[in-house]
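Okay, structure first, notes after.
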Amino acid sequence: MKSKSLLRSTVLLAVAAGIVASPLQAGAAPHRHPVEGVQFVRLDHPQPVRESARTEAAEFFWYDCGHSQALEPSLQAWAEKHRADVALRRVPAIWPGSPEERVQRAHARLYFTLERLGLVERLQTTAFRSIHNDGVDVTTEATATNWAARQGVDAQRFRAAYGSAEVRRSVDDAAAQFKRYGVNELPTVVVQGEYRTSPTKAGGVEAMPEVLDYLVQRERLQKG
C-alpha cells in the first residue's frame with residue numbers, strides 16, 4: 001500500500017537522522033546522561049497517570065511497525081527489570097485521520113481483546129510476527145478470531161471479548177491518547193505522563209531502554 005510505504009519511509013528517515021545526530025551514537029562519553037530536548041522531551045501538557053505506587057511508562061506501538069517490533073524484546077526485559085518500580089502500560093497507536101487509521105483501529109481491537117483475556121504477555125510477540133512479518137489479516141472479527149484460535153485461544157471467549165463494550169471504549173480512548181500525548185513517531189514511550197522518548201530522540205531503538213532508565217531514576221529522585 002503506497003500510503004503505508006510512505007509512512008514507514010518517513011519514520012525510517014527520522015530514525016536514521018536520529019542515529020546520525022545522536023551523541024549516544026556519535027562517540028560521546030559512554031556514560032553521559034540523556035539530555036532534555038535531545039534524547040527526550042517534556043510534554044507540553046503532562047498527562048495524569050493511572051497509579052501512584054509505581055512510575056508509569058506508556059508505550060505507543062503498532063503491530064505493523066518494524067521499529068515497534070524491534071523494541072518489544074528489550075522493552076519486555078526492561079519492564080521485567082523494573083517490575084517493582086515501573087508499571088508498563090501499552091497503548092496501540094491510532095493515527096486519527098491517517099490512511100492507516102482503519103487498520104490501526106483493527107489492530108488496537110486485537111490488542112485490547114488480548115489484554116482483556118490476559119494474553120498479552122503470551123501472544124504479543126506472536127502478534128507482531130504474524131502481522132508484520134507474515135502479513136496475516138486480523139482486521140475483522142472473523143480473521144482475528146481465526147488467528148487467535150490458531151494460537152490456542154478459545155474462539156468463543158475471544159469473540160465475546162472482541163465484541164465487548166469495554167474493548168470498543170479502549171480503542172476510542174487509544175486514539176484520543178495518541179493526540180493528547182503528542183505522539184509523532186513509533187514506537188514512543190512516555191514516562192510518568194511527562195517525558196517522551198522515541199527512536200529518533202534516543203538515538204535508535206536499541207538506545208531507548210537506557211533513556212528510560214534515566215527517566216525512571218529522575219522521577220524517583222523527584223519524588224524523594
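Each chain in the C-alpha cells gets a letter, A, B, ..., in the order shown, and its residues are numbered from 1; ligands are numbered from 1 in order too.
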Any idea what's packed within 8 Å of His45 in chain A, counting only C-alpha atoms, ignoring anything in its chain fewer than 2 positions away? Could you give it as a PDB file with C-alpha atoms, in the first residue's frame?
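New file around12.pdb:
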```pdb
ATOM      1  CA  LEU A  43       5.252  17.087  27.096  1.00  0.00           C
ATOM      2  CA  GLN A  47      -0.933  13.669  31.382  1.00  0.00           C
ATOM      3  CA  ARG A 180      -3.076  14.073  23.879  1.00  0.00           C
ATOM      4  CA  TYR A 181       0.444  12.698  24.270  1.00  0.00           C
ATOM      5  CA  GLU A 194       5.558  13.887  31.303  1.00  0.00           C
TER       6      GLU A 194
END
```
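Shell of Phe61 in chain A at 6 Å, with only C-alpha atoms counted and residues fewer than 3 places along the chain excluded, is Ser68, Pro92, Ala93, Leu186 and Pro187 of chain A.
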Got time to write the residues from that selection, C-alpha atoms, as a short mmCIF file (atom, residue, chain, number, x, y, z; two decimals), in the first residue's frame?
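Written output follows (again.cif):
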```
data_model
loop_
_atom_site.label_atom_id
_atom_site.label_comp_id
_atom_site.auth_asym_id
_atom_site.auth_seq_id
_atom_site.Cartn_x
_atom_site.Cartn_y
_atom_site.Cartn_z
CA SER A 68 7.80 -1.27 17.41
CA PRO A 92 -1.82 0.61 20.41
CA ALA A 93 -1.28 3.58 18.14
CA LEU A 186 6.50 4.84 16.62
CA PRO A 187 7.37 3.42 18.98
#
```
Item to check | Picked from range 39-114 of chain A by DSSP as helix (DSSP H, G or I), as a VMD selection string | outcome: chain A and resid 66 to 81 101 to 114
Could you make a table, as a tab-separated table, of the residues of range 22-78 of chain A that have an atom within 7 Å of an atom of range 188-191 of chain A, each with its nearest atom pair and distance in Å to one decimal, counting only C-alpha atoms, in chain and number order?
```
residue	atom	partner	partner_atom	distance
A:Glu56	CA	A:Val191	CA	5.8
A:Ala57	CA	A:Val191	CA	4.5
A:Ala58	CA	A:Val190	CA	5.1
A:Glu59	CA	A:Val189	CA	4.3
A:Phe60	CA	A:Thr188	CA	5.2
A:Phe61	CA	A:Thr188	CA	7.0
```
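Among the candidates A:Ala106, A:Ala176, A:Ala84, A:Leu114, the one nearest to Val138 in chain A when counting only C-alpha atoms is A:Ala106.
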Checklist entry - Nearest to Thr145 in chain A: which of A:Leu215, A:Leu110, A:Ala174, A:Leu71 is it, counting only C-alpha atoms? => result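 Among the listed residues, A:Leu110 lies closest to Thr145 in chain A.
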Item to check | Gap from CA of Glu51 in chain A to CA of Glu36 in chain A - Å, one decimal | outcome: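 One can read the CA of Glu51 in chain A to CA of Glu36 in chain A distance as 24.6 Å.
Going from CA of Asp172 in chain A over to CA of Arg89 in chain A, you cover 16.2 Å.
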